[in-house]
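Q: Handing you a structure now.
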Amino acid sequence: MGVTANQRPLIPVPFTAVKLTDVFWAQRQAVNRERTLPIEYRHCQETGRIDAFKLAWEPGQEPEPHIFWDSDVAKWIEAGCYSLSTHPDTQLRARLEEVIALIIAAQGPDGYLNVHFTVVEPEKRWANLRDQHELYCAGHLIEAAVAHFQTTGERHFLDCLCRYADYIATVFGVAPGQKHGYCGHEEIELALVKLYHATGEARYLRLSQYFVDERGQQPCYFDEEARARGEKPEAYWARTYEYCQAHAPVREQTQITGHAVRAMYLYSAMADLAGELHDDGLRTACERIWDDLCGTKMYVTGGIGPSRHNEGFTVPYDLPNDTAYAETCAAIGLVFWGHRLLQWDCDARYADVMERALYNGVISGVALDGETFFYENPLASRGMHHRQPWFGCACCPTNLVRLLASLGQYFYSQRDDELAVHLYAAGAMQTTLTDGAPLTVTQQTRYPWDGEVTLTLGLDAPTALTLRLRIPGWCRQYTLCSNGAPLAHSVERGYACVTRTWQPGESITLQLAMPIERIAAHPHVVADQGRVALQRGPLVYCLEDADHSVPVHLLALDEDAALSTRFVPDLLDGVVVIEGEATAPDVTAWAGQLFRIQQADNTTRVPLRAIPYYAWDNRMAGEMAVWLPKG
């Protein structure tokens, strides 16, 4: 199907219409619902985040409501609503309504809603958009309210946030007396698009458009507000507005820069607006920046943002392993952005990255038991990096819980009589076609452990339908069959496409070859020169001390070393491991010597076992490495 640059042809099938029953994601969703969601509620209670909405704080009390606390509670509410949509729970519903009532009661008469700037620094409202998080928090509250409305059909929370958004629209804009500002931490931009869809009110789409279009314009608003605070703009700690993607108008930006999470939220909003407004300038900018990210600044795990200093990007090919920041929220943001770009023209390059991030750099952020979390996701560790129960800045745990609760929305998209399958997992999806006819798609597969996927179409009558099945970028060989016979198809932008009249109950089997692959990095990636990573299907693998008799940093992999796979059901909730032999130096010959004249070292062969990267640090403390020296 031909598409033009100003079309957005696909609409995601909502997660409420997708039920996952597979060996991989269904278990994670259950843990997310049964353990992580209540644990995060408890943390929000114990740290004062929820009670802060009672507005009872007084100077000198601890803890002092932080500038981004509102967002943590909002993301928990959003996750809770998603969970209720698929698994009704009277206790969870009561908790949600109790917290929502506190939030509504905390709203000011003019519509303003922010705990910190209501009780701690009311005189500084809207005084520092560059560094504070007022609009960021507003965005997450809006997303929570939209989720609550979509789940319950009730408007009280939605109306509260509409009042806040309407108030914000009176403060910011191009009219006389309005502030020409925008948030230093993007988020409200994409939230307003969601509010537009929930209410049908175009003014929210226009406000989102304003915030995106105003960003990076000259004179820079952040300079003006700094001077108004009595500060020198040149004293800005980050030195450059690349940190918050405000160094140039968004349509003129050519490279991905600055804080990685902020970038992902901005570019997600740009992708939304490009589709809603048929804005080719925003689309072109997104594509240009995406190519820069994926071509020079993304880890093999789908992690992004190597630097702790700015929690984000540096220069091309700067991808250190043991110091990788790779914030969990950034990988989640990459999923958000890639999913939005994917709707434009069903190009598998976006789905490939979305899948890479989901299976590696996202779910590494939470332990298998759902109770501890990574903020940073390095690709090597000497054994000192571990998941934590909570963080003072708890954006990552609350982002994870809402993503996993709504995971199904990333699997399918449709337009007219066309269905695209982006991700594979056992389960079922239900939707309707343009004539109102129902369609059910059932997947049977052990993906990602096995590459065979059988899809069965549930139809009331023979139906003309275009089916698009993604052929992952990691797959070099595949077959597509129906009733045991090869199925004629074309390949368009990485999807196997079949247009035909399908019979009720007809099945299609996609067999994706899933060998062990040895991955090399671009020669400019200094940290990975002379090294290799292991990947099988969508999963990147790593080595841990828990599986080896010598420290991981001593292991090397010969280019001709034989490798095999084996499913181990009682290891790490059941995983396919990669096994073989590695080489390790005989360190006993170095006794008492730190340096010596170079000479041939004796090496020994030792058993090697690699596990999926997402599952590391779930056993004993020890070293970990994704990239291994070549023997």
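The chains in the structure tokens are called A, B, ... from first to last as shown; in each chain the residues are counted from 1, and the ligands are counted from 1 in the order shown.
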From a DSSP calculation on the backbone, collect every residue of stretch 233-324 of chain A in strand (DSSP E or B) and output the set as a list in words.

A: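 Of stretch 233-324 of chain A, only His259, Met298, Ile304, Ser307 and Gly312 of chain A fall in strand (DSSP E or B).
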
Q: Those residues you just picked out, can you put them in a file as a compact mmCIF listing (two decimals), in the first residue's frame with all heavy atoms?

A:
# COMPACT_ATOMS: atom_id res chain seq x y z
N HIS A 259 19.58 15.36 27.70
CA HIS A 259 18.94 14.43 28.62
C HIS A 259 18.08 13.46 27.81
O HIS A 259 17.17 13.85 27.09
CB HIS A 259 18.10 15.23 29.61
CG HIS A 259 17.55 14.46 30.74
ND1 HIS A 259 16.43 13.67 30.63
CD2 HIS A 259 17.94 14.37 32.04
CE1 HIS A 259 16.15 13.12 31.80
NE2 HIS A 259 17.06 13.53 32.68
N MET A 298 23.09 4.37 20.21
CA MET A 298 22.22 3.42 20.91
C MET A 298 23.01 2.17 21.27
O MET A 298 23.76 1.63 20.44
CB MET A 298 21.02 3.04 20.05
CG MET A 298 20.04 2.09 20.75
SD MET A 298 18.59 1.71 19.73
CE MET A 298 19.36 0.71 18.44
N ILE A 304 19.82 3.84 25.96
CA ILE A 304 20.29 5.08 25.36
C ILE A 304 20.71 6.05 26.47
O ILE A 304 20.19 6.01 27.57
CB ILE A 304 19.22 5.74 24.46
CG1 ILE A 304 17.91 5.98 25.23
CG2 ILE A 304 18.98 4.91 23.22
CD1 ILE A 304 16.86 6.74 24.43
N SER A 307 25.84 8.90 29.46
CA SER A 307 26.52 9.76 30.43
C SER A 307 25.70 10.02 31.69
O SER A 307 24.53 10.43 31.61
CB SER A 307 26.86 11.10 29.78
OG SER A 307 27.35 12.02 30.73
N GLY A 312 22.28 11.56 29.73
CA GLY A 312 21.91 11.53 28.32
C GLY A 312 23.07 11.31 27.37
O GLY A 312 24.02 10.59 27.66

Q: Please provide as a ChimeraX atom specification all residues within 6 Å of A:Lys297, with the sequence filter that same-chain residues fewer than 2 positions apart are discarded (counting only C-alpha atoms).

A: /A:293,316-317

Q: Go through A:Ile67, A:Met264, A:Pro472, A:His553 and flag the residue nearest A:Pro122, using only C-alpha atoms for the distances.

A: A:Ile67

Q: Mind the document's chain letters and residue numbers, and return as a compact mmCIF listing (two decimals) with N, CA and C atoms, in the first residue's frame the residues of stretch 288-431 of chain A that DSSP labels helix (DSSP H, G or I).

A:
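Saved to out-v3.txt:
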# COMPACT_ATOMS: atom_id res chain seq x y z
N ARG A 288 15.08 12.23 10.89
CA ARG A 288 16.50 12.61 10.90
C ARG A 288 17.14 12.31 12.26
N ILE A 289 16.44 12.66 13.32
CA ILE A 289 16.98 12.45 14.66
C ILE A 289 17.00 10.96 15.00
N TRP A 290 15.98 10.24 14.58
CA TRP A 290 15.94 8.79 14.79
C TRP A 290 17.16 8.12 14.15
N ASP A 291 17.47 8.51 12.93
CA ASP A 291 18.62 7.91 12.24
C ASP A 291 19.92 8.21 12.98
N ASP A 292 20.04 9.40 13.53
CA ASP A 292 21.25 9.74 14.29
C ASP A 292 21.34 8.88 15.54
N LEU A 293 20.21 8.69 16.23
CA LEU A 293 20.21 7.87 17.44
C LEU A 293 20.61 6.43 17.11
N CYS A 294 19.89 5.82 16.19
CA CYS A 294 20.10 4.40 15.92
C CYS A 294 21.42 4.13 15.19
N GLY A 295 21.94 5.12 14.51
CA GLY A 295 23.18 4.93 13.77
C GLY A 295 24.44 5.20 14.55
N THR A 296 24.33 5.96 15.66
CA THR A 296 25.57 6.35 16.35
C THR A 296 25.48 6.36 17.87
N THR A 328 16.57 3.49 32.71
CA THR A 328 15.40 2.69 32.37
C THR A 328 14.32 3.53 31.72
N CYS A 329 14.07 4.72 32.25
CA CYS A 329 13.06 5.61 31.67
C CYS A 329 13.37 5.97 30.22
N ALA A 330 14.66 6.07 29.90
CA ALA A 330 15.03 6.43 28.53
C ALA A 330 14.68 5.30 27.57
N ALA A 331 14.95 4.05 27.96
CA ALA A 331 14.58 2.92 27.11
C ALA A 331 13.07 2.83 26.96
N ILE A 332 12.34 3.12 28.03
CA ILE A 332 10.88 3.15 27.95
C ILE A 332 10.43 4.25 26.99
N GLY A 333 11.06 5.43 27.10
CA GLY A 333 10.74 6.52 26.19
C GLY A 333 11.03 6.16 24.74
N LEU A 334 12.07 5.38 24.52
CA LEU A 334 12.39 4.93 23.16
C LEU A 334 11.27 4.04 22.62
N VAL A 335 10.70 3.20 23.48
CA VAL A 335 9.55 2.39 23.07
C VAL A 335 8.38 3.30 22.69
N PHE A 336 8.12 4.32 23.51
CA PHE A 336 7.04 5.27 23.20
C PHE A 336 7.24 5.91 21.82
N TRP A 337 8.45 6.39 21.60
CA TRP A 337 8.74 7.11 20.35
C TRP A 337 8.68 6.16 19.15
N GLY A 338 9.35 5.01 19.26
CA GLY A 338 9.36 4.07 18.14
C GLY A 338 7.96 3.60 17.79
N HIS A 339 7.13 3.39 18.80
CA HIS A 339 5.76 2.95 18.54
C HIS A 339 4.98 4.00 17.79
N ARG A 340 5.19 5.25 18.11
CA ARG A 340 4.49 6.32 17.40
C ARG A 340 4.96 6.43 15.96
N LEU A 341 6.26 6.34 15.74
CA LEU A 341 6.79 6.41 14.38
C LEU A 341 6.31 5.23 13.54
N LEU A 342 6.15 4.10 14.18
CA LEU A 342 5.72 2.88 13.49
C LEU A 342 4.35 3.03 12.86
N GLN A 343 3.50 3.87 13.42
CA GLN A 343 2.14 4.01 12.89
C GLN A 343 2.11 4.76 11.56
N TRP A 344 3.17 5.47 11.23
CA TRP A 344 3.15 6.28 10.02
C TRP A 344 3.04 5.44 8.76
N ASP A 345 3.98 4.51 8.59
CA ASP A 345 3.99 3.73 7.36
C ASP A 345 4.40 2.28 7.59
N ALA A 348 9.41 -1.55 9.62
CA ALA A 348 9.93 -2.45 10.65
C ALA A 348 11.16 -1.90 11.36
N ARG A 349 11.82 -0.91 10.80
CA ARG A 349 13.00 -0.38 11.49
C ARG A 349 12.61 0.23 12.85
N TYR A 350 11.40 0.74 12.94
CA TYR A 350 10.94 1.28 14.22
C TYR A 350 10.54 0.15 15.17
N ALA A 351 9.86 -0.85 14.64
CA ALA A 351 9.46 -1.98 15.48
C ALA A 351 10.66 -2.77 15.96
N ASP A 352 11.70 -2.86 15.14
CA ASP A 352 12.91 -3.59 15.54
C ASP A 352 13.54 -2.95 16.78
N VAL A 353 13.63 -1.64 16.78
CA VAL A 353 14.21 -0.95 17.93
C VAL A 353 13.28 -1.02 19.13
N MET A 354 11.98 -0.89 18.89
CA MET A 354 11.01 -1.02 19.97
C MET A 354 11.16 -2.38 20.64
N GLU A 355 11.27 -3.43 19.85
CA GLU A 355 11.43 -4.77 20.40
C GLU A 355 12.77 -4.92 21.12
N ARG A 356 13.83 -4.40 20.54
CA ARG A 356 15.15 -4.49 21.18
C ARG A 356 15.12 -3.86 22.56
N ALA A 357 14.51 -2.70 22.66
CA ALA A 357 14.45 -2.03 23.95
C ALA A 357 13.57 -2.80 24.93
N LEU A 358 12.41 -3.27 24.49
CA LEU A 358 11.49 -3.96 25.38
C LEU A 358 12.11 -5.20 26.00
N TYR A 359 12.75 -6.02 25.19
CA TYR A 359 13.25 -7.31 25.65
C TYR A 359 14.58 -7.21 26.40
N ASN A 360 15.21 -6.04 26.35
CA ASN A 360 16.54 -5.93 26.94
C ASN A 360 16.64 -4.75 27.90
N GLY A 361 16.77 -3.54 27.37
CA GLY A 361 17.03 -2.38 28.20
C GLY A 361 15.88 -1.89 29.04
N VAL A 362 14.65 -2.35 28.76
CA VAL A 362 13.49 -1.96 29.58
C VAL A 362 13.32 -2.92 30.75
N ILE A 363 13.11 -4.19 30.46
CA ILE A 363 12.77 -5.12 31.55
C ILE A 363 13.98 -5.50 32.41
N SER A 364 15.18 -5.12 31.97
CA SER A 364 16.32 -5.25 32.89
C SER A 364 16.12 -4.34 34.09
N GLY A 365 15.27 -3.32 33.94
CA GLY A 365 15.07 -2.34 34.99
C GLY A 365 14.29 -2.83 36.19
N CYS A 395 11.22 7.92 39.16
CA CYS A 395 10.59 7.93 37.84
C CYS A 395 10.63 6.56 37.17
N CYS A 396 11.72 5.80 37.35
CA CYS A 396 11.87 4.54 36.63
C CYS A 396 10.91 3.45 37.12
N PRO A 397 10.80 3.21 38.44
CA PRO A 397 9.83 2.20 38.88
C PRO A 397 8.40 2.50 38.45
N THR A 398 8.01 3.75 38.55
CA THR A 398 6.63 4.10 38.19
C THR A 398 6.42 4.09 36.68
N ASN A 399 7.46 4.33 35.91
CA ASN A 399 7.35 4.22 34.46
C ASN A 399 7.23 2.76 34.04
N LEU A 400 8.01 1.89 34.68
CA LEU A 400 7.96 0.46 34.36
C LEU A 400 6.58 -0.12 34.62
N VAL A 401 6.00 0.23 35.76
CA VAL A 401 4.74 -0.41 36.13
C VAL A 401 3.62 -0.01 35.18
N ARG A 402 3.64 1.23 34.67
CA ARG A 402 2.59 1.62 33.73
C ARG A 402 2.82 1.03 32.34
N LEU A 403 4.07 0.87 31.94
CA LEU A 403 4.36 0.27 30.64
C LEU A 403 3.91 -1.19 30.61
N LEU A 404 4.31 -1.96 31.62
CA LEU A 404 3.97 -3.38 31.63
C LEU A 404 2.47 -3.60 31.75
N ALA A 405 1.78 -2.72 32.45
CA ALA A 405 0.33 -2.86 32.59
C ALA A 405 -0.41 -2.60 31.28
N LEU A 407 1.07 -3.18 28.12
CA LEU A 407 1.99 -3.70 27.11
C LEU A 407 1.30 -4.12 25.81
N GLY A 408 0.08 -4.63 25.92
CA GLY A 408 -0.58 -5.18 24.74
C GLY A 408 -0.75 -4.21 23.59
N GLN A 409 -0.74 -2.90 23.87
CA GLN A 409 -0.97 -1.92 22.81
C GLN A 409 0.15 -1.87 21.78
N TYR A 410 1.29 -2.48 22.08
CA TYR A 410 2.43 -2.43 21.17
C TYR A 410 2.46 -3.58 20.16

Q: Can you tell me, as a VMD selection string, what residues are no more than 9 Å from stretch 618-621 of chain A when counting only C-alpha atoms, ignoring any on the same chain fewer than 2 positions away?

A: chain A and resid 367 to 369 383 to 387 544 to 546 572 615 to 616 623

Q: What lies within 9 Å of A:Pro504 using only C-alpha atoms, ignoring chain neighbours under 5 positions off, as a short mmCIF file (atom, residue, chain, number, x, y, z; two decimals) with N, CA, C and O atoms, in the first residue's frame?

A:
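Dumped everything to selection.cif:
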data_model
loop_
_atom_site.label_atom_id
_atom_site.label_comp_id
_atom_site.auth_asym_id
_atom_site.auth_seq_id
_atom_site.Cartn_x
_atom_site.Cartn_y
_atom_site.Cartn_z
N THR A 456 -3.99 -17.70 14.06
CA THR A 456 -5.27 -18.21 13.60
C THR A 456 -6.28 -17.07 13.57
O THR A 456 -6.41 -16.32 14.55
N LEU A 457 -6.97 -16.94 12.44
CA LEU A 457 -7.91 -15.84 12.25
C LEU A 457 -9.32 -16.29 12.59
O LEU A 457 -9.85 -17.24 12.00
N GLY A 458 -9.93 -15.60 13.54
CA GLY A 458 -11.32 -15.85 13.88
C GLY A 458 -12.21 -14.88 13.14
O GLY A 458 -12.16 -13.67 13.39
N LEU A 459 -13.02 -15.38 12.20
CA LEU A 459 -13.89 -14.56 11.36
C LEU A 459 -15.27 -15.20 11.30
O LEU A 459 -15.42 -16.42 11.42
N ASP A 460 -16.29 -14.39 11.11
CA ASP A 460 -17.65 -14.91 10.97
C ASP A 460 -17.92 -15.40 9.55
O ASP A 460 -18.81 -16.23 9.34
N ALA A 461 -17.16 -14.88 8.58
CA ALA A 461 -17.37 -15.24 7.18
C ALA A 461 -16.08 -14.97 6.43
O ALA A 461 -15.18 -14.27 6.93
N PRO A 462 -15.93 -15.52 5.23
CA PRO A 462 -14.74 -15.20 4.43
C PRO A 462 -14.58 -13.68 4.30
O PRO A 462 -15.55 -12.97 4.04
N THR A 463 -13.36 -13.21 4.52
CA THR A 463 -13.14 -11.76 4.63
C THR A 463 -11.86 -11.37 3.89
O THR A 463 -10.81 -11.99 4.07
#

Q: Identify which of the residues A:His489, A:Lys75, A:Arg596, A:Arg609 lies closest to A:Tyr541, counting only C-alpha atoms when measuring atom-to-atom distances.

A: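 So, comparing all the options, the nearest one is A:Arg609.
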
Q: Would you kindly return, as an mmCIF file with C-alpha atoms, in the first residue's frame, each protein, DNA or RNA residue with an atom no farther than 6 Å from any atom of stretch 143-157 of chain A, considering only C-alpha atoms and excluding same-chain residues fewer than 6 positions away?

A:
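Generated output (out25.cif):
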data_model
loop_
_atom_site.group_PDB
_atom_site.id
_atom_site.type_symbol
_atom_site.label_atom_id
_atom_site.label_comp_id
_atom_site.auth_asym_id
_atom_site.auth_seq_id
_atom_site.Cartn_x
_atom_site.Cartn_y
_atom_site.Cartn_z
ATOM 1 C CA ALA A 74 0.366 10.144 38.770
ATOM 2 C CA ILE A 77 -2.483 5.966 39.237
ATOM 3 C CA GLU A 78 -2.084 5.520 35.492
ATOM 4 C CA CYS A 81 -6.096 2.229 35.952
ATOM 5 C CA SER A 85 -9.015 -2.273 32.716
ATOM 6 C CA ALA A 191 -0.053 14.299 27.452
#

Q: So what do you get for atom CA of A:Thr36 versus atom CA of A:Trp69, distance-wise?

A: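 Between atom CA of A:Thr36 and atom CA of A:Trp69 the gap works out to 18.3 Å.
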